[in-house]
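Printed here is query04.pdb (PDB, C-alpha atoms, pLDDT in the B column):
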```
ATOM      1  CA  MET A 121       5.183   6.059  21.727  1.00 51.00           C
ATOM      2  CA  PRO A 122       6.340   9.151  19.760  1.00 59.00           C
ATOM      3  CA  ASN A 123       9.907   7.900  19.265  1.00 74.00           C
ATOM      4  CA  ASP A 124       8.869   4.420  18.134  1.00 91.00           C
ATOM      5  CA  PRO A 125       9.577   4.419  14.378  1.00 93.00           C
ATOM      6  CA  TYR A 126       6.932   1.738  13.858  1.00 97.00           C
ATOM      7  CA  SER A 127       4.037   3.784  15.190  1.00 97.00           C
ATOM      8  CA  LEU A 128       1.635   5.465  12.757  1.00 97.00           C
ATOM      9  CA  TYR A 129      -0.326   8.648  13.348  1.00 97.00           C
ATOM     10  CA  SER A 130      -3.236  10.497  11.786  1.00 98.00           C
ATOM     11  CA  ILE A 131      -3.115  14.130  12.931  1.00 98.00           C
ATOM     12  CA  VAL A 132      -5.924  16.554  12.129  1.00 97.00           C
ATOM     13  CA  ILE A 133      -5.061  20.237  11.799  1.00 96.00           C
ATOM     14  CA  GLU A 134      -8.018  22.565  12.232  1.00 94.00           C
ATOM     15  CA  LEU A 135      -7.761  25.975  10.579  1.00 93.00           C
ATOM     16  CA  GLY A 136      -9.892  29.092  10.800  1.00 89.00           C
ATOM     17  CA  ALA A 137     -10.160  31.520   7.884  1.00 88.00           C
ATOM     18  CA  ALA A 138      -8.447  34.770   8.876  1.00 86.00           C
ATOM     19  CA  GLU A 139     -10.239  36.769   6.201  1.00 81.00           C
ATOM     20  CA  LYS A 140     -13.078  36.539   3.755  1.00 82.00           C
ATOM     21  CA  GLY A 141     -12.350  35.262   0.284  1.00 77.00           C
ATOM     22  CA  PHE A 142     -12.444  32.152  -1.848  1.00 72.00           C
ATOM     23  CA  PRO A 143      -9.647  29.586  -1.323  1.00 70.00           C
ATOM     24  CA  THR A 144      -9.823  27.392  -4.403  1.00 67.00           C
ATOM     25  CA  GLY A 145      -9.329  23.669  -4.922  1.00 68.00           C
ATOM     26  CA  ILE A 146      -7.816  21.180  -2.502  1.00 70.00           C
ATOM     27  CA  LEU A 147      -4.696  23.365  -1.941  1.00 85.00           C
ATOM     28  CA  GLY A 148      -2.528  20.241  -2.136  1.00 89.00           C
ATOM     29  CA  ARG A 149       0.733  21.931  -3.098  1.00 90.00           C
ATOM     30  CA  SER A 150       0.287  24.643  -0.459  1.00 92.00           C
ATOM     31  CA  LEU A 151      -0.479  22.112   2.275  1.00 95.00           C
ATOM     32  CA  HIS A 152       2.556  20.057   1.275  1.00 95.00           C
ATOM     33  CA  SER A 153       4.758  23.146   1.447  1.00 94.00           C
ATOM     34  CA  GLN A 154       3.339  24.126   4.861  1.00 95.00           C
ATOM     35  CA  VAL A 155       3.949  20.682   6.361  1.00 97.00           C
ATOM     36  CA  LEU A 156       7.554  20.686   5.138  1.00 96.00           C
ATOM     37  CA  GLN A 157       7.937  24.176   6.616  1.00 95.00           C
ATOM     38  CA  TRP A 158       6.803  22.868  10.006  1.00 96.00           C
ATOM     39  CA  PHE A 159       9.411  20.100   9.826  1.00 97.00           C
ATOM     40  CA  LYS A 160      12.009  22.685   8.757  1.00 96.00           C
ATOM     41  CA  GLN A 161      11.241  24.840  11.808  1.00 93.00           C
ATOM     42  CA  ASP A 162      12.441  21.993  14.022  1.00 94.00           C
ATOM     43  CA  ASN A 163      15.009  20.269  11.822  1.00 95.00           C
ATOM     44  CA  PRO A 164      16.052  21.682   8.402  1.00 95.00           C
ATOM     45  CA  PHE A 165      18.034  18.543   7.534  1.00 96.00           C
ATOM     46  CA  LEU A 166      15.020  16.326   8.217  1.00 96.00           C
ATOM     47  CA  ALA A 167      12.825  18.564   6.041  1.00 95.00           C
ATOM     48  CA  THR A 168      15.293  18.208   3.154  1.00 95.00           C
ATOM     49  CA  GLU A 169      15.404  14.438   3.622  1.00 95.00           C
ATOM     50  CA  LEU A 170      11.600  14.232   3.547  1.00 95.00           C
ATOM     51  CA  HIS A 171      11.345  16.446   0.488  1.00 93.00           C
ATOM     52  CA  GLN A 172      13.799  14.241  -1.414  1.00 93.00           C
ATOM     53  CA  SER A 173      12.303  10.897  -0.345  1.00 92.00           C
ATOM     54  CA  GLN A 174      11.392   8.563  -3.204  1.00 91.00           C
ATOM     55  CA  ILE A 175       8.694   6.964  -1.027  1.00 94.00           C
ATOM     56  CA  SER A 176       7.328   9.577   1.330  1.00 96.00           C
ATOM     57  CA  PRO A 177       6.876   8.642   5.015  1.00 98.00           C
ATOM     58  CA  PHE A 178       3.804  10.877   5.288  1.00 98.00           C
ATOM     59  CA  SER A 179       0.582  11.618   3.435  1.00 98.00           C
ATOM     60  CA  ILE A 180      -1.609  14.714   3.408  1.00 97.00           C
ATOM     61  CA  SER A 181      -5.334  15.004   2.785  1.00 96.00           C
ATOM     62  CA  PRO A 182      -7.025  17.776   0.804  1.00 93.00           C
ATOM     63  CA  LEU A 183      -8.329  20.787   2.685  1.00 92.00           C
ATOM     64  CA  MET A 184     -11.731  19.635   3.941  1.00 90.00           C
ATOM     65  CA  GLY A 185     -14.774  21.035   5.676  1.00 84.00           C
ATOM     66  CA  LYS A 186     -17.902  22.902   4.726  1.00 76.00           C
ATOM     67  CA  ARG A 187     -17.259  25.726   2.293  1.00 68.00           C
ATOM     68  CA  HIS A 188     -19.695  28.438   1.254  1.00 65.00           C
ATOM     69  CA  ALA A 189     -20.588  28.358  -2.412  1.00 61.00           C
ATOM     70  CA  LYS A 190     -19.543  31.957  -3.045  1.00 64.00           C
ATOM     71  CA  LEU A 191     -17.362  33.188  -0.213  1.00 71.00           C
ATOM     72  CA  THR A 192     -15.386  31.875   2.753  1.00 77.00           C
ATOM     73  CA  LYS A 193     -16.004  34.107   5.747  1.00 78.00           C
ATOM     74  CA  ALA A 194     -13.516  35.031   8.444  1.00 79.00           C
ATOM     75  CA  GLY A 195     -13.764  32.438  11.215  1.00 77.00           C
ATOM     76  CA  ASP A 196     -14.998  29.587   9.008  1.00 84.00           C
ATOM     77  CA  ARG A 197     -13.406  26.303  10.111  1.00 88.00           C
ATOM     78  CA  LEU A 198     -11.649  23.940   7.686  1.00 91.00           C
ATOM     79  CA  PHE A 199      -9.237  21.097   8.364  1.00 94.00           C
ATOM     80  CA  PHE A 200      -6.770  18.675   6.833  1.00 96.00           C
ATOM     81  CA  ARG A 201      -5.052  15.482   7.886  1.00 97.00           C
ATOM     82  CA  ILE A 202      -1.350  14.626   8.110  1.00 98.00           C
ATOM     83  CA  CYS A 203      -0.530  10.921   8.393  1.00 98.00           C
ATOM     84  CA  LEU A 204       2.899   9.767   9.542  1.00 98.00           C
ATOM     85  CA  LEU A 205       4.217   6.345   8.519  1.00 98.00           C
ATOM     86  CA  ARG A 206       7.187   6.751  10.881  1.00 97.00           C
ATOM     87  CA  GLY A 207       6.519   7.432  14.540  1.00 96.00           C
ATOM     88  CA  ASP A 208       9.802   9.288  15.000  1.00 96.00           C
ATOM     89  CA  LEU A 209       8.411  12.108  12.825  1.00 97.00           C
ATOM     90  CA  LEU A 210       5.688  13.017  15.316  1.00 97.00           C
ATOM     91  CA  GLN A 211       7.753  15.118  17.734  1.00 96.00           C
ATOM     92  CA  PRO A 212       9.580  17.146  15.045  1.00 96.00           C
ATOM     93  CA  LEU A 213       6.240  17.926  13.397  1.00 97.00           C
ATOM     94  CA  LEU A 214       4.606  18.988  16.671  1.00 96.00           C
ATOM     95  CA  ASN A 215       7.662  21.079  17.584  1.00 95.00           C
ATOM     96  CA  GLY A 216       7.447  22.892  14.263  1.00 94.00           C
ATOM     97  CA  ILE A 217       3.719  23.518  14.644  1.00 94.00           C
ATOM     98  CA  GLU A 218       4.229  24.839  18.182  1.00 92.00           C
ATOM     99  CA  GLN A 219       6.861  27.316  16.994  1.00 88.00           C
ATOM    100  CA  THR A 220       4.430  28.833  14.471  1.00 82.00           C
ATOM    101  CA  VAL A 221       1.242  28.594  16.527  1.00 78.00           C
ATOM    102  CA  ASN A 222       0.791  32.391  16.693  1.00 76.00           C
ATOM    103  CA  GLN A 223       1.536  32.955  13.016  1.00 80.00           C
ATOM    104  CA  SER A 224      -0.875  32.921  10.086  1.00 83.00           C
ATOM    105  CA  VAL A 225      -0.893  29.862   7.843  1.00 88.00           C
ATOM    106  CA  CYS A 226      -0.879  31.101   4.240  1.00 87.00           C
ATOM    107  CA  LEU A 227      -2.240  28.634   1.688  1.00 88.00           C
ATOM    108  CA  ASP A 228      -2.165  29.848  -1.902  1.00 82.00           C
ATOM    109  CA  LYS A 229      -2.233  33.486  -0.694  1.00 82.00           C
ATOM    110  CA  PHE A 230      -5.244  32.868   1.574  1.00 86.00           C
ATOM    111  CA  ARG A 231      -4.600  33.376   5.272  1.00 88.00           C
ATOM    112  CA  PHE A 232      -5.742  30.982   7.983  1.00 90.00           C
ATOM    113  CA  ARG A 233      -5.066  30.836  11.689  1.00 90.00           C
ATOM    114  CA  LEU A 234      -4.144  27.588  13.406  1.00 92.00           C
ATOM    115  CA  CYS A 235      -7.054  26.655  15.688  1.00 91.00           C
ATOM    116  CA  GLN A 236      -6.385  23.176  17.010  1.00 92.00           C
ATOM    117  CA  THR A 237      -4.242  20.092  16.503  1.00 94.00           C
ATOM    118  CA  HIS A 238      -6.023  16.788  17.081  1.00 95.00           C
ATOM    119  CA  ILE A 239      -3.692  13.893  17.895  1.00 93.00           C
ATOM    120  CA  LEU A 240      -5.449  11.621  20.361  1.00 90.00           C
ATOM    121  CA  PRO A 241      -7.859   8.980  19.037  1.00 89.00           C
ATOM    122  CA  GLY A 242     -11.400  10.179  19.687  1.00 91.00           C
ATOM    123  CA  SER A 243     -10.482  13.868  19.618  1.00 93.00           C
ATOM    124  CA  HIS A 244     -11.602  14.012  15.975  1.00 94.00           C
ATOM    125  CA  PRO A 245     -13.211  11.343  13.729  1.00 94.00           C
ATOM    126  CA  LEU A 246     -10.075  11.247  11.549  1.00 96.00           C
ATOM    127  CA  ALA A 247      -7.457  11.458  14.310  1.00 96.00           C
ATOM    128  CA  GLY A 248      -5.859   8.182  15.312  1.00 94.00           C
ATOM    129  CA  ALA A 249      -2.776   6.124  15.983  1.00 96.00           C
ATOM    130  CA  SER A 250      -1.690   2.557  15.411  1.00 97.00           C
ATOM    131  CA  HIS A 251       1.395   0.352  15.122  1.00 97.00           C
ATOM    132  CA  TYR A 252       2.634  -1.892  12.329  1.00 98.00           C
ATOM    133  CA  SER A 253       2.463  -4.931  14.615  1.00 98.00           C
ATOM    134  CA  LEU A 254      -1.163  -4.132  15.439  1.00 98.00           C
ATOM    135  CA  ILE A 255      -2.203  -3.600  11.822  1.00 98.00           C
ATOM    136  CA  SER A 256      -0.485  -6.870  10.880  1.00 98.00           C
ATOM    137  CA  GLN A 257      -3.077  -8.688  13.034  1.00 97.00           C
ATOM    138  CA  THR A 258      -6.055  -7.339  11.042  1.00 97.00           C
ATOM    139  CA  PRO A 259      -8.741 -10.047  10.650  1.00 97.00           C
ATOM    140  CA  VAL A 260      -8.733 -11.661   7.222  1.00 97.00           C
ATOM    141  CA  SER A 261     -11.486 -10.796   4.775  1.00 97.00           C
ATOM    142  CA  SER A 262     -11.905 -12.242   1.282  1.00 96.00           C
ATOM    143  CA  LYS A 263     -14.091  -9.311   0.189  1.00 97.00           C
ATOM    144  CA  ILE A 264     -12.921  -5.739   0.788  1.00 98.00           C
ATOM    145  CA  THR A 265     -14.493  -2.443  -0.222  1.00 98.00           C
ATOM    146  CA  LEU A 266     -12.244   0.590  -0.393  1.00 98.00           C
ATOM    147  CA  ASP A 267     -13.578   4.144  -0.379  1.00 98.00           C
ATOM    148  CA  PHE A 268     -11.371   6.435  -2.434  1.00 98.00           C
ATOM    149  CA  LYS A 269     -12.034   9.696  -0.607  1.00 96.00           C
ATOM    150  CA  SER A 270      -9.970  11.925  -2.873  1.00 96.00           C
ATOM    151  CA  SER A 271      -8.906  11.827  -6.489  1.00 96.00           C
ATOM    152  CA  THR A 272      -6.675   8.768  -7.045  1.00 97.00           C
ATOM    153  CA  SER A 273      -4.433   7.733  -9.933  1.00 96.00           C
ATOM    154  CA  PHE A 274      -1.430   5.518 -10.596  1.00 96.00           C
ATOM    155  CA  LYS A 275       1.691   5.882 -12.712  1.00 92.00           C
ATOM    156  CA  VAL A 276       1.988   2.752 -14.868  1.00 87.00           C
ATOM    157  CA  ASP A 277       5.176   3.906 -16.597  1.00 82.00           C
ATOM    158  CA  ARG A 278       6.782   7.238 -17.455  1.00 78.00           C
ATOM    159  CA  LYS A 279       4.017   8.252 -19.858  1.00 81.00           C
ATOM    160  CA  ILE A 280       0.892   6.364 -18.790  1.00 89.00           C
ATOM    161  CA  ILE A 281      -1.363   7.344 -15.881  1.00 93.00           C
ATOM    162  CA  GLN A 282      -4.092   4.864 -14.873  1.00 95.00           C
ATOM    163  CA  VAL A 283      -7.110   6.470 -13.231  1.00 95.00           C
ATOM    164  CA  PHE A 284      -9.188   3.370 -12.471  1.00 96.00           C
ATOM    165  CA  PRO A 285      -8.137   1.714  -9.173  1.00 97.00           C
ATOM    166  CA  LEU A 286      -7.432  -1.792 -10.450  1.00 97.00           C
ATOM    167  CA  GLY A 287      -6.392  -4.271  -7.777  1.00 96.00           C
ATOM    168  CA  GLU A 288      -2.871  -4.688  -9.118  1.00 96.00           C
ATOM    169  CA  HIS A 289      -2.190  -0.954  -8.926  1.00 96.00           C
ATOM    170  CA  VAL A 290      -3.863  -0.376  -5.557  1.00 98.00           C
ATOM    171  CA  PHE A 291      -2.294  -3.261  -3.662  1.00 98.00           C
ATOM    172  CA  ASN A 292       1.142  -3.061  -5.285  1.00 97.00           C
ATOM    173  CA  SER A 293       1.253   0.610  -4.256  1.00 97.00           C
ATOM    174  CA  LEU A 294       0.301  -0.268  -0.678  1.00 98.00           C
ATOM    175  CA  LEU A 295       2.681  -3.241  -0.538  1.00 98.00           C
ATOM    176  CA  ARG A 296       5.606  -1.087  -1.660  1.00 97.00           C
ATOM    177  CA  ARG A 297       4.914   1.461   1.086  1.00 98.00           C
ATOM    178  CA  TRP A 298       4.336  -1.212   3.738  1.00 98.00           C
ATOM    179  CA  ASN A 299       7.604  -3.014   2.991  1.00 98.00           C
ATOM    180  CA  ASN A 300       9.481   0.294   3.018  1.00 97.00           C
ATOM    181  CA  PHE A 301       8.373   1.339   6.516  1.00 98.00           C
ATOM    182  CA  ALA A 302       7.194  -1.749   8.439  1.00 98.00           C
ATOM    183  CA  PRO A 303       9.630  -3.848  10.516  1.00 97.00           C
ATOM    184  CA  GLU A 304      11.498  -6.350   8.384  1.00 97.00           C
ATOM    185  CA  ASP A 305       9.876  -9.325  10.111  1.00 97.00           C
ATOM    186  CA  LEU A 306       6.469  -8.033   8.972  1.00 98.00           C
ATOM    187  CA  HIS A 307       7.400  -7.603   5.310  1.00 98.00           C
ATOM    188  CA  PHE A 308       5.340  -9.394   2.672  1.00 97.00           C
ATOM    189  CA  SER A 309       6.494 -11.170  -0.468  1.00 95.00           C
ATOM    190  CA  GLN A 310       5.348  -9.964  -3.862  1.00 94.00           C
ATOM    191  CA  VAL A 311       1.819 -11.051  -4.749  1.00 93.00           C
ATOM    192  CA  ASP A 312      -0.051 -11.520  -8.034  1.00 94.00           C
ATOM    193  CA  TRP A 313      -2.948  -9.086  -7.657  1.00 95.00           C
ATOM    194  CA  SER A 314      -4.921 -10.311 -10.668  1.00 92.00           C
ATOM    195  CA  ILE A 315      -8.136 -10.231  -8.678  1.00 95.00           C
ATOM    196  CA  PRO A 316     -11.787  -9.805  -9.653  1.00 96.00           C
ATOM    197  CA  ILE A 317     -13.776  -6.665  -8.913  1.00 97.00           C
ATOM    198  CA  ALA A 318     -17.254  -7.415  -7.585  1.00 97.00           C
ATOM    199  CA  ALA A 319     -18.735  -3.917  -7.841  1.00 97.00           C
ATOM    200  CA  PHE A 320     -17.744  -0.289  -8.116  1.00 97.00           C
ATOM    201  CA  ASP A 321     -19.075   3.231  -8.247  1.00 98.00           C
ATOM    202  CA  VAL A 322     -16.377   5.702  -9.239  1.00 97.00           C
ATOM    203  CA  LYS A 323     -16.138   8.897 -11.236  1.00 97.00           C
ATOM    204  CA  THR A 324     -13.186  10.868 -12.530  1.00 95.00           C
ATOM    205  CA  ILE A 325     -12.413  14.076 -10.666  1.00 92.00           C
ATOM    206  CA  PRO A 326     -10.060  16.809 -11.943  1.00 90.00           C
ATOM    207  CA  ILE A 327      -8.002  18.654  -9.338  1.00 88.00           C
ATOM    208  CA  HIS A 328      -5.593  21.549  -9.701  1.00 84.00           C
ATOM    209  CA  LEU A 329      -2.053  21.023  -8.459  1.00 85.00           C
ATOM    210  CA  LYS A 330       0.838  22.297 -10.573  1.00 81.00           C
ATOM    211  CA  LYS A 331      -1.358  21.253 -13.478  1.00 85.00           C
ATOM    212  CA  VAL A 332      -4.752  19.603 -13.726  1.00 88.00           C
ATOM    213  CA  GLU A 333      -4.609  16.011 -12.457  1.00 90.00           C
ATOM    214  CA  ILE A 334      -7.358  13.495 -13.185  1.00 93.00           C
ATOM    215  CA  GLY A 335      -8.147  10.691 -10.747  1.00 95.00           C
ATOM    216  CA  ALA A 336     -10.917   8.396  -9.572  1.00 96.00           C
ATOM    217  CA  GLN A 337     -13.114   8.964  -6.546  1.00 97.00           C
ATOM    218  CA  GLY A 338     -15.733   6.552  -5.192  1.00 98.00           C
ATOM    219  CA  TRP A 339     -15.717   2.943  -4.017  1.00 98.00           C
ATOM    220  CA  VAL A 340     -14.546  -0.431  -5.340  1.00 98.00           C
ATOM    221  CA  THR A 341     -15.177  -3.933  -3.940  1.00 98.00           C
ATOM    222  CA  TYR A 342     -12.340  -6.431  -4.473  1.00 98.00           C
ATOM    223  CA  ILE A 343     -12.568 -10.230  -4.190  1.00 97.00           C
ATOM    224  CA  PHE A 344      -9.610 -12.341  -3.012  1.00 97.00           C
ATOM    225  CA  PRO A 345     -10.028 -16.026  -3.940  1.00 94.00           C
ATOM    226  CA  ASN A 346      -6.629 -16.930  -2.523  1.00 93.00           C
ATOM    227  CA  THR A 347      -6.217 -17.074   1.280  1.00 94.00           C
ATOM    228  CA  GLU A 348      -2.729 -15.567   1.245  1.00 94.00           C
ATOM    229  CA  GLN A 349      -3.942 -12.752  -1.023  1.00 96.00           C
ATOM    230  CA  ALA A 350      -6.830 -12.075   1.361  1.00 97.00           C
ATOM    231  CA  LYS A 351      -4.533 -12.024   4.415  1.00 97.00           C
ATOM    232  CA  ILE A 352      -2.095  -9.515   2.920  1.00 98.00           C
ATOM    233  CA  ALA A 353      -4.837  -7.387   1.338  1.00 98.00           C
ATOM    234  CA  SER A 354      -6.676  -7.137   4.664  1.00 98.00           C
ATOM    235  CA  VAL A 355      -3.561  -5.762   6.364  1.00 98.00           C
ATOM    236  CA  LEU A 356      -2.740  -3.369   3.517  1.00 98.00           C
ATOM    237  CA  SER A 357      -6.309  -2.066   3.406  1.00 98.00           C
ATOM    238  CA  GLU A 358      -6.108  -1.016   7.071  1.00 98.00           C
ATOM    239  CA  PHE A 359      -2.683   0.503   6.444  1.00 98.00           C
ATOM    240  CA  ALA A 360      -4.151   2.557   3.576  1.00 98.00           C
ATOM    241  CA  PHE A 361      -5.910   4.882   6.037  1.00 98.00           C
ATOM    242  CA  PHE A 362      -2.468   6.208   6.980  1.00 98.00           C
ATOM    243  CA  SER A 363      -0.454   5.746   3.789  1.00 98.00           C
ATOM    244  CA  GLY A 364      -2.823   6.748   1.033  1.00 98.00           C
ATOM    245  CA  VAL A 365      -2.463   5.046  -2.322  1.00 98.00           C
ATOM    246  CA  GLY A 366      -1.129   5.896  -5.770  1.00 97.00           C
ATOM    247  CA  ARG A 367       0.342   9.213  -6.881  1.00 95.00           C
ATOM    248  CA  LYS A 368       0.813  12.523  -5.069  1.00 95.00           C
ATOM    249  CA  THR A 369      -0.372  11.315  -1.671  1.00 96.00           C
ATOM    250  CA  THR A 370       1.522  14.208  -0.060  1.00 96.00           C
ATOM    251  CA  MET A 371      -0.644  16.687  -2.000  1.00 95.00           C
ATOM    252  CA  GLY A 372      -4.141  15.480  -1.205  1.00 95.00           C
ATOM    253  CA  MET A 373      -4.533  12.652  -3.698  1.00 96.00           C
ATOM    254  CA  GLY A 374      -5.089   8.968  -2.920  1.00 97.00           C
ATOM    255  CA  GLN A 375      -6.942   9.239   0.403  1.00 97.00           C
ATOM    256  CA  VAL A 376      -8.613   5.892   1.061  1.00 97.00           C
ATOM    257  CA  GLN A 377     -10.438   4.027   3.820  1.00 97.00           C
ATOM    258  CA  VAL A 378     -11.937   0.567   4.254  1.00 97.00           C
ATOM    259  CA  ARG A 379     -15.720   0.676   4.084  1.00 92.00           C
ATOM    260  CA  SER A 380     -17.237  -1.131   7.073  1.00 80.00           C
TER     261      SER A 380
END
```
With the file now loaded, output its structure as structure tokens.
Amino acid sequence: MPNDPYSLYSIVIELGAAEKGFPTGILGRSLHSQVLQWFKQDNPFLATELHQSQISPFSISPLMGKRHAKLTKAGDRLFFRICLLRGDLLQPLLNGIEQTVNQSVCLDKFRFRLCQTHILPGSHPLAGASHYSLISQTPVSSKITLDFKSSTSFKVDRKIIQVFPLGEHVFNSLLRRWNNFAPEDLHFSQVDWSIPIAAFDVKTIPIHLKKVEIGAQGWVTYIFPNTEQAKIASVLSEFAFFSGVGRKTTMGMGQVQVRS
């Protein structure tokens, strides 16, 4: 239900290029600004609250879709994903989108038109909905492979950025988000994530936000020898589809999914 704060949503926004040109990069900062603008259209106070949140209740994918090597043509379709970790944010977001449906969406000075909003599961491969209570019942697996779909990195302290998705960084990031937004009775205790990595295939990818950010993209297989570790990791891995992981998840970084 839209007003249930413990629902989660993955909403796909489909855009059509309104002109020919060459939109560059993942447009993470522009997408972040546009999403906040949609919230502001409905509720300026909510938009301010979201902008100032230490742990954001939403994540945003990069701009995705097939791009021409040299030039984007008018009418070309691209899309991005907005994931809500609080169900009560759904209606304000949709209200804001509806109020601007006939306006151009300008991303880094490149104009798009809003084509379609996919909310219902099955309407788009990346659209979906769930609930914290449902995710908490995820079957336990002692071996989990995560696909890092966009550049991913982690802040270790004020000066150090870790680009390899070590288990301790990945699952501590997810645990912090889960405990911040899930019902209190579903919270998990802190866990020692000193876990082995069985295999990986990752590469570092630079992306342009305010400055160049370096992160890892690819897949990693984690092993959980401890049953309690495996139980919590299985839940958090399913949650990751909505929450993202690591730094700048509201600007296109840290998109991740469990590999079947």
Point out the residue among A:Val311, A:Ala350, A:Ala336, A:Ala249 with the least atom-to-atom distance to Ser273 in chain A, counting only C-alpha atoms.
A:Ala336
For CA of Val283 in chain A and CA of Leu205 in chain A, the interatomic separation in Å (one decimal)
24.5 Å
Residue contacts of Asp124 in chain A (10 Å, all atoms listed in the file) excluding same-chain residues fewer than 3 positions away, as an MDAnalysis selection string:
chainID A and resid 121 127:128 206:210 251
Chain and number of each residue from the PyMOL selection byres ((chain A and resi 258) around 10), as a ChimeraX atom specification
/A:253-257,259-261,351-359
At a cut-off of 12 Å, using only C-alpha atoms, what residues contact Lys330 in chain A? Leave out same-chain residues fewer than 4 positions from it and give the result as a ChimeraX atom specification.
/A:145-150,228,368,371
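You will find CA of Asp312 in chain A at 15.1 Å from CA of Ser262 in chain A.
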Starting from the displayed file, determine the output of the PyMOL selection byres ((chain A and resi 220) around 12) and express the residue list as a PyMOL selection string.
chain A and resi 154-155+157-162+213-219+221-226+233-235
Take CA of Arg379 in chain A and CA of Ile315 in chain A and report the distance between them in Å, one decimal.
18.4 Å
Evaluating the PyMOL selection byres ((chain A and resi 203) around 9) on the displayed file yields which residues, as a PyMOL selection string?
chain A and resi 128-132+177-181+201-202+204-205+361-364
